[in-house]
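target-v4.cif (mmCIF, C-alpha atoms and all ligand atoms) appears below.
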```
data_work
loop_
_atom_site.label_atom_id
_atom_site.label_comp_id
_atom_site.auth_asym_id
_atom_site.auth_seq_id
_atom_site.Cartn_x
_atom_site.Cartn_y
_atom_site.Cartn_z
CA MET A 1 -107.61 2.69 -60.13
CA ILE A 2 -107.18 5.15 -57.31
CA SER A 3 -108.14 4.16 -53.77
CA LEU A 4 -107.53 7.44 -51.98
CA GLU A 5 -107.14 10.89 -53.47
CA VAL A 6 -106.50 13.90 -51.25
CA ARG A 7 -106.37 17.52 -52.40
CA GLY A 8 -105.60 20.64 -50.41
CA LEU A 9 -105.81 18.87 -47.07
CA THR A 10 -105.49 21.17 -44.09
CA ALA A 11 -105.97 20.12 -40.47
CA GLY A 12 -105.08 21.22 -37.00
CA TYR A 13 -106.06 21.43 -33.37
CA GLY A 14 -108.17 24.43 -32.43
CA PRO A 15 -106.31 27.55 -33.56
CA ILE A 16 -103.15 25.58 -34.36
CA GLY A 17 -102.77 24.75 -38.06
CA VAL A 18 -100.69 21.61 -38.59
CA LEU A 19 -101.24 20.55 -42.22
CA HIS A 20 -100.94 23.25 -44.85
CA GLY A 21 -102.47 21.87 -48.03
CA LEU A 22 -101.41 18.31 -48.83
CA ASP A 23 -102.07 16.67 -52.21
CA PHE A 24 -101.50 12.95 -52.52
CA ARG A 25 -103.00 9.74 -53.76
CA VAL A 26 -102.78 6.02 -53.10
CA GLY A 27 -103.48 3.62 -55.95
CA ALA A 28 -105.63 0.54 -55.38
CA GLY A 29 -103.38 -2.30 -54.24
CA GLU A 30 -100.50 0.07 -53.68
CA ALA A 31 -98.44 0.57 -50.53
CA CYS A 32 -97.54 4.22 -50.17
CA VAL A 33 -95.44 5.87 -47.45
CA ILE A 34 -95.29 9.35 -45.96
CA LEU A 35 -91.89 9.95 -44.38
CA GLY A 36 -91.48 12.63 -41.76
CA ALA A 37 -89.59 13.47 -38.59
CA ASN A 38 -91.15 13.95 -35.15
CA GLY A 39 -93.83 16.62 -35.24
CA ALA A 40 -93.99 16.81 -39.06
CA GLY A 41 -97.71 16.04 -39.04
CA LYS A 42 -97.76 12.33 -39.91
CA THR A 43 -100.27 11.33 -37.24
CA THR A 44 -102.41 14.36 -37.98
CA THR A 45 -102.52 13.37 -41.67
CA LEU A 46 -103.88 9.92 -40.85
CA ARG A 47 -106.30 11.39 -38.30
CA ALA A 48 -107.55 13.85 -40.91
CA ILE A 49 -108.26 10.99 -43.34
CA SER A 50 -110.06 9.04 -40.61
CA GLY A 51 -112.09 12.08 -39.63
CA VAL A 52 -111.00 12.26 -36.00
CA VAL A 53 -109.49 15.75 -36.27
CA GLN A 54 -110.85 18.98 -37.80
CA ARG A 55 -109.96 19.08 -41.47
CA ALA A 56 -110.68 20.78 -44.77
CA GLY A 57 -109.94 19.81 -48.36
CA ASP A 58 -111.09 17.08 -50.72
CA ILE A 59 -110.81 13.43 -49.68
CA THR A 60 -112.04 10.88 -52.19
CA PHE A 61 -112.12 7.21 -51.24
CA ASP A 62 -113.04 4.64 -53.90
CA GLY A 63 -114.59 7.41 -55.96
CA GLN A 64 -116.74 8.85 -53.16
CA ALA A 65 -116.20 12.26 -51.56
CA VAL A 66 -115.83 11.45 -47.86
CA GLU A 67 -114.46 14.68 -46.39
CA ALA A 68 -117.79 15.51 -44.79
CA TRP A 69 -118.32 12.03 -43.35
CA SER A 70 -118.06 11.16 -39.65
CA ALA A 71 -115.19 9.02 -38.40
CA ASP A 72 -117.67 6.21 -37.90
CA ALA A 73 -118.94 6.39 -41.48
CA ILE A 74 -115.38 6.47 -42.83
CA ALA A 75 -114.46 3.37 -40.85
CA ARG A 76 -117.57 1.59 -42.10
CA ALA A 77 -116.73 2.61 -45.65
CA GLY A 78 -113.57 0.51 -45.37
CA ILE A 79 -110.75 2.68 -44.06
CA GLY A 80 -108.94 0.93 -41.20
CA HIS A 81 -106.58 2.86 -38.93
CA VAL A 82 -103.82 1.39 -36.79
CA PRO A 83 -103.04 4.35 -34.52
CA GLN A 84 -99.66 5.37 -33.19
CA GLY A 85 -99.09 3.64 -29.87
CA ARG A 86 -101.28 0.80 -31.12
CA GLY A 87 -104.49 1.46 -29.19
CA THR A 88 -105.44 -2.07 -28.23
CA PHE A 89 -107.79 -2.63 -25.30
CA ALA A 90 -105.31 -3.45 -22.53
CA ASP A 91 -107.76 -5.17 -20.18
CA MET A 92 -109.32 -7.33 -22.86
CA THR A 93 -107.84 -10.60 -24.07
CA VAL A 94 -106.13 -10.90 -27.41
CA ASP A 95 -109.07 -12.98 -28.62
CA ASP A 96 -111.62 -10.35 -27.56
CA ASN A 97 -109.57 -7.56 -29.15
CA LEU A 98 -109.77 -9.45 -32.44
CA ARG A 99 -113.51 -10.03 -31.95
CA VAL A 100 -114.06 -6.30 -31.40
CA GLY A 101 -112.29 -5.63 -34.71
CA GLY A 102 -114.89 -7.67 -36.57
CA VAL A 103 -117.91 -6.66 -34.51
CA LEU A 104 -119.69 -4.74 -37.27
CA ARG A 105 -119.46 -7.58 -39.78
CA LYS A 106 -122.34 -9.77 -40.74
CA ASP A 107 -120.40 -12.29 -42.86
CA VAL A 108 -119.62 -14.89 -40.19
CA ARG A 109 -117.68 -17.08 -42.61
CA GLY A 110 -115.53 -14.20 -43.87
CA CYS A 111 -114.88 -13.11 -40.32
CA ALA A 112 -113.72 -16.60 -39.31
CA ASN A 113 -111.48 -16.78 -42.38
CA ASP A 114 -109.94 -13.43 -41.53
CA ARG A 115 -109.31 -14.55 -37.95
CA ASP A 116 -107.47 -17.60 -39.31
CA PHE A 117 -105.54 -15.36 -41.68
CA VAL A 118 -104.52 -12.95 -38.89
CA LEU A 119 -103.34 -15.81 -36.66
CA ASP A 120 -101.40 -17.28 -39.58
CA LEU A 121 -99.87 -13.86 -40.27
CA PHE A 122 -98.91 -13.36 -36.62
CA PRO A 123 -98.34 -16.83 -35.08
CA ARG A 124 -97.11 -15.17 -31.87
CA LEU A 125 -100.71 -14.20 -31.14
CA VAL A 126 -101.92 -17.81 -31.22
CA GLU A 127 -100.23 -18.75 -27.94
CA ARG A 128 -101.48 -15.54 -26.36
CA LEU A 129 -105.16 -15.58 -27.31
CA SER A 130 -106.42 -15.74 -23.74
CA GLN A 131 -103.84 -13.30 -22.36
CA ARG A 132 -104.76 -9.67 -21.72
CA ALA A 133 -103.47 -7.33 -24.42
CA GLY A 134 -101.79 -5.13 -21.80
CA GLN A 135 -99.46 -8.01 -20.95
CA LEU A 136 -98.11 -8.31 -24.48
CA SER A 137 -94.75 -6.95 -25.54
CA GLY A 138 -94.73 -3.79 -27.66
CA GLY A 139 -94.16 -5.79 -30.83
CA GLU A 140 -96.95 -8.22 -30.02
CA GLN A 141 -99.28 -5.29 -29.34
CA GLN A 142 -98.40 -3.85 -32.74
CA MET A 143 -99.26 -7.21 -34.32
CA LEU A 144 -102.54 -7.32 -32.41
CA ALA A 145 -103.40 -3.75 -33.43
CA ILE A 146 -102.83 -4.60 -37.09
CA GLY A 147 -104.74 -7.86 -36.67
CA ARG A 148 -107.65 -6.09 -35.06
CA ALA A 149 -107.80 -3.57 -37.89
CA LEU A 150 -107.72 -6.41 -40.44
CA MET A 151 -110.69 -8.07 -38.73
CA ALA A 152 -112.85 -5.22 -40.01
CA ALA A 153 -111.89 -6.21 -43.60
CA PRO A 154 -110.62 -2.76 -44.59
CA ARG A 155 -110.01 -1.85 -48.22
CA LEU A 156 -107.48 0.77 -47.19
CA LEU A 157 -105.28 0.39 -44.13
CA LEU A 158 -103.66 3.43 -42.51
CA LEU A 159 -100.62 2.52 -40.40
CA ASP A 160 -99.09 5.04 -37.99
CA GLU A 161 -95.40 4.24 -37.41
CA PRO A 162 -95.68 0.45 -37.20
CA SER A 163 -91.95 0.26 -36.35
CA LEU A 164 -92.13 2.66 -33.40
CA GLY A 165 -90.51 1.31 -30.27
CA LEU A 166 -89.91 -2.16 -31.71
CA SER A 167 -86.66 -4.11 -31.77
CA PRO A 168 -85.11 -4.58 -35.21
CA LEU A 169 -86.23 -8.22 -35.21
CA LEU A 170 -89.87 -7.46 -34.39
CA THR A 171 -89.86 -4.53 -36.79
CA SER A 172 -88.75 -6.78 -39.61
CA GLN A 173 -91.42 -9.35 -38.65
CA VAL A 174 -94.12 -6.69 -38.72
CA PHE A 175 -92.93 -5.42 -42.11
CA ALA A 176 -92.75 -8.96 -43.46
CA ALA A 177 -96.42 -9.31 -42.50
CA LEU A 178 -97.25 -6.04 -44.27
CA GLN A 179 -95.43 -7.33 -47.35
CA ARG A 180 -97.60 -10.44 -47.25
CA LEU A 181 -100.73 -8.31 -46.94
CA ARG A 182 -99.69 -6.38 -50.01
CA ASP A 183 -98.65 -9.41 -52.07
CA GLN A 184 -101.24 -12.01 -51.06
CA ARG A 185 -104.25 -9.82 -50.39
CA GLY A 186 -103.48 -6.83 -52.57
CA LEU A 187 -104.34 -4.67 -49.56
CA THR A 188 -103.97 -0.93 -50.15
CA MET A 189 -101.86 0.70 -47.46
CA LEU A 190 -100.83 4.18 -46.45
CA ILE A 191 -97.99 4.08 -43.93
CA VAL A 192 -96.45 7.01 -42.09
CA GLU A 193 -92.95 6.29 -40.85
CA GLN A 194 -89.56 7.57 -39.80
CA ASN A 195 -87.98 4.24 -40.73
CA ALA A 196 -87.22 4.96 -44.39
CA GLU A 197 -85.34 1.79 -45.09
CA LEU A 198 -88.12 -0.68 -44.32
CA SER A 199 -91.00 1.49 -45.45
CA LEU A 200 -89.40 2.33 -48.80
CA ALA A 201 -88.68 -1.37 -49.31
CA LEU A 202 -92.39 -2.05 -48.87
CA ALA A 203 -93.88 0.96 -50.64
CA SER A 204 -93.84 1.72 -54.34
CA ARG A 205 -94.04 5.50 -53.82
CA GLY A 206 -93.57 8.00 -51.08
CA TYR A 207 -93.93 11.59 -49.94
CA VAL A 208 -91.70 13.55 -47.57
CA LEU A 209 -93.49 15.66 -45.00
CA GLU A 210 -91.90 18.58 -43.16
CA ALA A 211 -93.81 21.00 -40.94
CA GLY A 212 -97.14 20.07 -42.51
CA GLN A 213 -96.04 20.36 -46.15
CA PHE A 214 -94.60 17.95 -48.66
CA VAL A 215 -91.03 18.76 -49.59
CA GLY A 216 -90.49 15.73 -51.78
CA ALA A 217 -92.27 12.91 -53.54
CA GLY A 218 -91.37 10.12 -55.89
CA SER A 219 -90.93 6.43 -56.48
CA ALA A 220 -89.49 4.46 -53.58
CA ALA A 221 -86.33 3.87 -55.60
CA ALA A 222 -85.89 7.59 -56.32
CA LEU A 223 -86.45 8.54 -52.68
CA MET A 224 -84.03 5.85 -51.53
CA ALA A 225 -81.37 7.28 -53.85
CA ASP A 226 -81.93 10.88 -52.70
CA ASP A 227 -79.02 12.21 -50.63
CA GLY A 228 -81.16 14.52 -48.48
CA ILE A 229 -83.47 11.67 -47.60
CA ARG A 230 -80.61 9.32 -46.94
CA GLN A 231 -79.16 11.86 -44.52
CA ALA A 232 -82.45 12.66 -42.78
CA TYR A 233 -83.99 9.20 -42.58
CA LEU A 234 -81.33 6.61 -43.20
CA GLY A 235 -78.56 7.96 -41.02
CA ALA A 236 -76.27 7.92 -44.06
N1 LIG B 1 -103.91 17.08 -29.68
C1 LIG B 1 -103.10 18.05 -30.10
N2 LIG B 1 -103.30 19.34 -29.73
C2 LIG B 1 -102.49 20.35 -30.15
N3 LIG B 1 -101.43 20.16 -30.96
C3 LIG B 1 -101.17 18.90 -31.36
C4 LIG B 1 -101.98 17.79 -30.95
N4 LIG B 1 -101.46 16.67 -31.50
C5 LIG B 1 -100.39 17.06 -32.21
N5 LIG B 1 -100.21 18.39 -32.13
C6 LIG B 1 -99.15 19.17 -32.80
O1 LIG B 1 -99.25 18.98 -34.20
C7 LIG B 1 -97.96 18.86 -34.80
C8 LIG B 1 -97.89 17.57 -35.59
O2 LIG B 1 -98.08 16.48 -34.73
P1 LIG B 1 -98.22 14.98 -35.24
O3 LIG B 1 -98.56 14.16 -34.07
O4 LIG B 1 -99.13 14.94 -36.41
O5 LIG B 1 -96.73 14.71 -35.75
P2 LIG B 1 -96.03 13.34 -36.13
O6 LIG B 1 -95.35 13.58 -37.44
O7 LIG B 1 -96.98 12.22 -36.04
O8 LIG B 1 -94.91 13.23 -34.99
P3 LIG B 1 -94.31 11.91 -34.25
O9 LIG B 1 -93.31 11.31 -35.19
O10 LIG B 1 -93.64 12.47 -33.03
O11 LIG B 1 -95.44 10.98 -33.94
C9 LIG B 1 -96.97 18.95 -33.66
O12 LIG B 1 -96.47 20.26 -33.61
C10 LIG B 1 -97.78 18.66 -32.42
O13 LIG B 1 -97.28 19.32 -31.31
MG MG B 2 -97.08 10.56 -34.94
#
```
Represent the structure from my file as structure tokens, please.
Amino acid sequence: MISLEVRGLTAGYGPIGVLHGLDFRVGAGEACVILGANGAGKTTTLRAISGVVQRAGDITFDGQAVEAWSADAIARAGIGHVPQGRGTFADMTVDDNLRVGGVLRKDVRGCANDRDFVLDLFPRLVERLSQRAGQLSGGEQQMLAIGRALMAAPRLLLLDEPSLGLSPLLTSQVFAALQRLRDQRGLTMLIVEQNAELSLALASRGYVLEAGQFVGAGSAAALMADDGIRQAYLGA
């Protein structure tokens, strides 16, 4: 089954075209990565899926054409987005940030279960529940941002550079949590990253984005073995 299917996706800002016709898909339960350097269009790709930037092309989510839907409708349909730079509410407590994530849900029991799951996934957040999000370290904010997105019970999670600005230790903790989400929950994920090593270890397939176009695609193993990719993204 296919979770997300995108055809001929273009997007940009005003007169500036950034994406020039992307075709890709994410299978249900699959973790998929889009690798790209600074300015390649990774963030714009996720924003186009979420409907927060002008876009054209076909976007099918769980069999429904969603390209004409508002950002709000897309979020309610089950696409969660963890933005670059995390986007937590700095003046709100960790606890309230999590509450906001689940605010549209009516299943109180499911919401409580997901809160327990998030705190089990990121034990660092437990001790910090009453602290303001703005006081957290970068890595803790990344955990909170992912936790908040999970509180909305998404069926597809978009992650914008979850490793950005994190120490190697925190990065590996965040990716271990994503691995658990994939293995224990079967959560479908689309990750955009510059960290090829960790993201290709998590993902089953990937695409390589350069200047708004794909210049490569394949299984994670094939991409990992590719010399050009090793040079560009693995410092090899
Ligand atoms: N709000 C905006 N207005 C105009 N141009 C923008 C805007 N945001 C991004 N761009 C341009 O779009 C292009 C792609 O940007 P995007 O943020 O999607 O890249 P990225 O791959 O996420 O880069 P990074 O790794 O630095 O986050 C860049 O040339 C950028 O300057
Ligand atoms: Mg970006």
Atom CA of Ile146 of chain A to atom CA of Leu178 of chain A, straight-line distance in Å = 9.2 Å
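If all atoms listed in the file are the atoms counted, then among A:Asn38, A:Ser130, A:Asn113, A:Gln142 the closest residue to Asn195 of chain A is A:Asn38.
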Ligand LIG 1 (chain B), all listed atoms, 6 Å padding on each side: what axis-aligned box centre and edge lengths in Å to one decimal come out, as AutoDock Vina command-line options?
```
--center_x -98.6 --center_y 15.7 --center_z -33.6 --size_x 22.6 --size_y 21.4 --size_z 19.8
```
Could you report the residues within 6 Å of ligand LIG 1 (chain B), using all atoms listed in the file, as a PyMOL selection string?
-> chain A and resi 13+18+36-44
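The environment of Phe24 of chain A within 9 Å, counting only C-alpha atoms and disregarding residues fewer than 4 places along the same chain, consists of Leu4, Glu5, Val6, Arg7, Gly8 and Tyr207 of chain A.
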Using 12 Å as the limit and counting all atoms listed in the file, can you tabulate each residue of chain A that touches ligand MG 2 (chain B), with its shortest atom-to-atom distance in Å and the two atoms involved, as JSON lines?
```
{"residue": "A:Ile34", "atom": "CA", "partner": "B:MG2", "partner_atom": "MG", "distance": 11.2}
{"residue": "A:Leu35", "atom": "CA", "partner": "B:MG2", "partner_atom": "MG", "distance": 10.8}
{"residue": "A:Gly36", "atom": "CA", "partner": "B:MG2", "partner_atom": "MG", "distance": 9.1}
{"residue": "A:Ala37", "atom": "CA", "partner": "B:MG2", "partner_atom": "MG", "distance": 8.8}
{"residue": "A:Asn38", "atom": "CA", "partner": "B:MG2", "partner_atom": "MG", "distance": 6.8}
{"residue": "A:Gly39", "atom": "CA", "partner": "B:MG2", "partner_atom": "MG", "distance": 6.9}
{"residue": "A:Ala40", "atom": "CA", "partner": "B:MG2", "partner_atom": "MG", "distance": 8.1}
{"residue": "A:Gly41", "atom": "CA", "partner": "B:MG2", "partner_atom": "MG", "distance": 6.9}
{"residue": "A:Lys42", "atom": "CA", "partner": "B:MG2", "partner_atom": "MG", "distance": 5.3}
{"residue": "A:Thr43", "atom": "CA", "partner": "B:MG2", "partner_atom": "MG", "distance": 4.0}
{"residue": "A:Thr44", "atom": "CA", "partner": "B:MG2", "partner_atom": "MG", "distance": 7.2}
{"residue": "A:Thr45", "atom": "CA", "partner": "B:MG2", "partner_atom": "MG", "distance": 9.1}
{"residue": "A:Leu46", "atom": "CA", "partner": "B:MG2", "partner_atom": "MG", "distance": 9.0}
{"residue": "A:Arg47", "atom": "CA", "partner": "B:MG2", "partner_atom": "MG", "distance": 9.8}
{"residue": "A:Val82", "atom": "CA", "partner": "B:MG2", "partner_atom": "MG", "distance": 11.5}
{"residue": "A:Pro83", "atom": "CA", "partner": "B:MG2", "partner_atom": "MG", "distance": 8.6}
{"residue": "A:Gln84", "atom": "CA", "partner": "B:MG2", "partner_atom": "MG", "distance": 6.1}
{"residue": "A:Gly85", "atom": "CA", "partner": "B:MG2", "partner_atom": "MG", "distance": 8.8}
{"residue": "A:Arg86", "atom": "CA", "partner": "B:MG2", "partner_atom": "MG", "distance": 11.3}
{"residue": "A:Leu159", "atom": "CA", "partner": "B:MG2", "partner_atom": "MG", "distance": 10.3}
{"residue": "A:Asp160", "atom": "CA", "partner": "B:MG2", "partner_atom": "MG", "distance": 6.6}
{"residue": "A:Glu161", "atom": "CA", "partner": "B:MG2", "partner_atom": "MG", "distance": 7.0}
{"residue": "A:Pro162", "atom": "CA", "partner": "B:MG2", "partner_atom": "MG", "distance": 10.5}
{"residue": "A:Ser163", "atom": "CA", "partner": "B:MG2", "partner_atom": "MG", "distance": 11.6}
{"residue": "A:Leu164", "atom": "CA", "partner": "B:MG2", "partner_atom": "MG", "distance": 9.4}
{"residue": "A:Ile191", "atom": "CA", "partner": "B:MG2", "partner_atom": "MG", "distance": 11.1}
{"residue": "A:Val192", "atom": "CA", "partner": "B:MG2", "partner_atom": "MG", "distance": 8.0}
{"residue": "A:Glu193", "atom": "CA", "partner": "B:MG2", "partner_atom": "MG", "distance": 8.4}
{"residue": "A:Gln194", "atom": "CA", "partner": "B:MG2", "partner_atom": "MG", "distance": 9.4}
{"residue": "A:Leu209", "atom": "CA", "partner": "B:MG2", "partner_atom": "MG", "distance": 11.8}
```
Generate a file for segment 63-160 of chain A, containing C-alpha atoms, as a tab-separated table (two decimals), in the first residue's frame.
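Output file result_1.tsv is given in full below:
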```tsv
chain	number	residue	atom	x	y	z
A	63	GLY	CA	-5.70	7.24	-1.86
A	64	GLN	CA	-7.17	10.75	-1.69
A	65	ALA	CA	-6.10	13.66	-3.89
A	66	VAL	CA	-5.08	16.34	-1.38
A	67	GLU	CA	-3.23	18.88	-3.53
A	68	ALA	CA	-6.13	21.32	-3.37
A	69	TRP	CA	-6.62	20.96	0.39
A	70	SER	CA	-5.72	23.64	2.94
A	71	ALA	CA	-2.83	23.09	5.34
A	72	ASP	CA	-5.35	22.65	8.11
A	73	ALA	CA	-7.28	19.95	6.24
A	74	ILE	CA	-4.04	18.12	5.39
A	75	ALA	CA	-2.98	18.12	9.04
A	76	ARG	CA	-6.39	16.82	10.08
A	77	ALA	CA	-6.18	14.12	7.43
A	78	GLY	CA	-3.18	12.71	9.30
A	79	ILE	CA	-0.01	14.30	7.96
A	80	GLY	CA	2.18	15.53	10.82
A	81	HIS	CA	5.07	17.92	10.17
A	82	VAL	CA	8.07	18.48	12.42
A	83	PRO	CA	9.47	21.69	10.91
A	84	GLN	CA	13.11	22.63	10.57
A	85	GLY	CA	14.18	24.51	13.67
A	86	ARG	CA	11.59	22.51	15.62
A	87	GLY	CA	8.87	25.12	16.08
A	88	THR	CA	7.87	24.42	19.67
A	89	PHE	CA	6.09	27.11	21.65
A	90	ALA	CA	8.99	28.57	23.64
A	91	ASP	CA	6.91	30.24	26.37
A	92	MET	CA	4.72	27.22	27.00
A	93	THR	CA	5.71	24.31	29.20
A	94	VAL	CA	6.72	20.98	27.78
A	95	ASP	CA	3.46	19.53	29.09
A	96	ASP	CA	1.36	22.23	27.40
A	97	ASN	CA	3.26	21.81	24.13
A	98	LEU	CA	2.30	18.13	24.17
A	99	ARG	CA	-1.30	19.02	25.04
A	100	VAL	CA	-1.48	21.40	22.07
A	101	GLY	CA	-0.32	18.55	19.82
A	102	GLY	CA	-3.37	16.50	20.77
A	103	VAL	CA	-5.86	19.36	20.99
A	104	LEU	CA	-7.99	18.29	18.02
A	105	ARG	CA	-8.45	14.73	19.27
A	106	LYS	CA	-11.61	13.43	20.80
A	107	ASP	CA	-10.29	10.03	21.90
A	108	VAL	CA	-9.21	10.88	25.45
A	109	ARG	CA	-7.93	7.36	26.11
A	110	GLY	CA	-5.86	7.25	22.91
A	111	CYS	CA	-4.47	10.68	23.68
A	112	ALA	CA	-3.38	9.61	27.19
A	113	ASN	CA	-1.79	6.46	25.77
A	114	ASP	CA	0.12	8.50	23.21
A	115	ARG	CA	1.34	10.88	25.92
A	116	ASP	CA	2.67	7.88	27.85
A	117	PHE	CA	4.26	6.55	24.68
A	118	VAL	CA	5.96	9.88	23.91
A	119	LEU	CA	7.34	10.16	27.45
A	120	ASP	CA	8.57	6.58	27.25
A	121	LEU	CA	10.18	7.33	23.88
A	122	PHE	CA	11.86	10.49	25.20
A	123	PRO	CA	12.46	10.01	28.96
A	124	ARG	CA	14.39	13.30	29.04
A	125	LEU	CA	11.09	15.11	28.66
A	126	VAL	CA	9.62	13.54	31.82
A	127	GLU	CA	11.84	15.54	34.18
A	128	ARG	CA	11.15	18.69	32.19
A	129	LEU	CA	7.36	18.60	31.89
A	130	SER	CA	6.79	21.82	33.81
A	131	GLN	CA	9.75	23.65	32.27
A	132	ARG	CA	9.24	26.15	29.45
A	133	ALA	CA	10.15	24.72	26.04
A	134	GLY	CA	12.45	27.68	25.35
A	135	GLN	CA	14.69	26.54	28.21
A	136	LEU	CA	15.31	23.11	26.70
A	137	SER	CA	18.50	22.20	24.88
A	138	GLY	CA	18.35	21.91	21.10
A	139	GLY	CA	18.15	18.14	21.27
A	140	GLU	CA	15.40	18.21	23.88
A	141	GLN	CA	13.46	20.67	21.73
A	142	GLN	CA	13.78	18.30	18.79
A	143	MET	CA	12.39	15.50	20.97
A	144	LEU	CA	9.54	17.73	22.10
A	145	ALA	CA	8.75	18.77	18.52
A	146	ILE	CA	8.55	15.13	17.45
A	147	GLY	CA	6.53	14.29	20.57
A	148	ARG	CA	4.11	17.10	19.90
A	149	ALA	CA	3.61	15.94	16.32
A	150	LEU	CA	3.00	12.37	17.55
A	151	MET	CA	0.30	13.62	19.93
A	152	ALA	CA	-1.86	14.35	16.88
A	153	ALA	CA	-1.67	10.63	15.97
A	154	PRO	CA	-0.37	11.20	12.44
A	155	ARG	CA	-0.41	8.42	9.85
A	156	LEU	CA	2.46	10.06	7.98
A	157	LEU	CA	5.17	12.04	9.74
A	158	LEU	CA	7.28	14.57	7.84
A	159	LEU	CA	10.60	15.31	9.56
A	160	ASP	CA	12.73	18.27	8.49
```
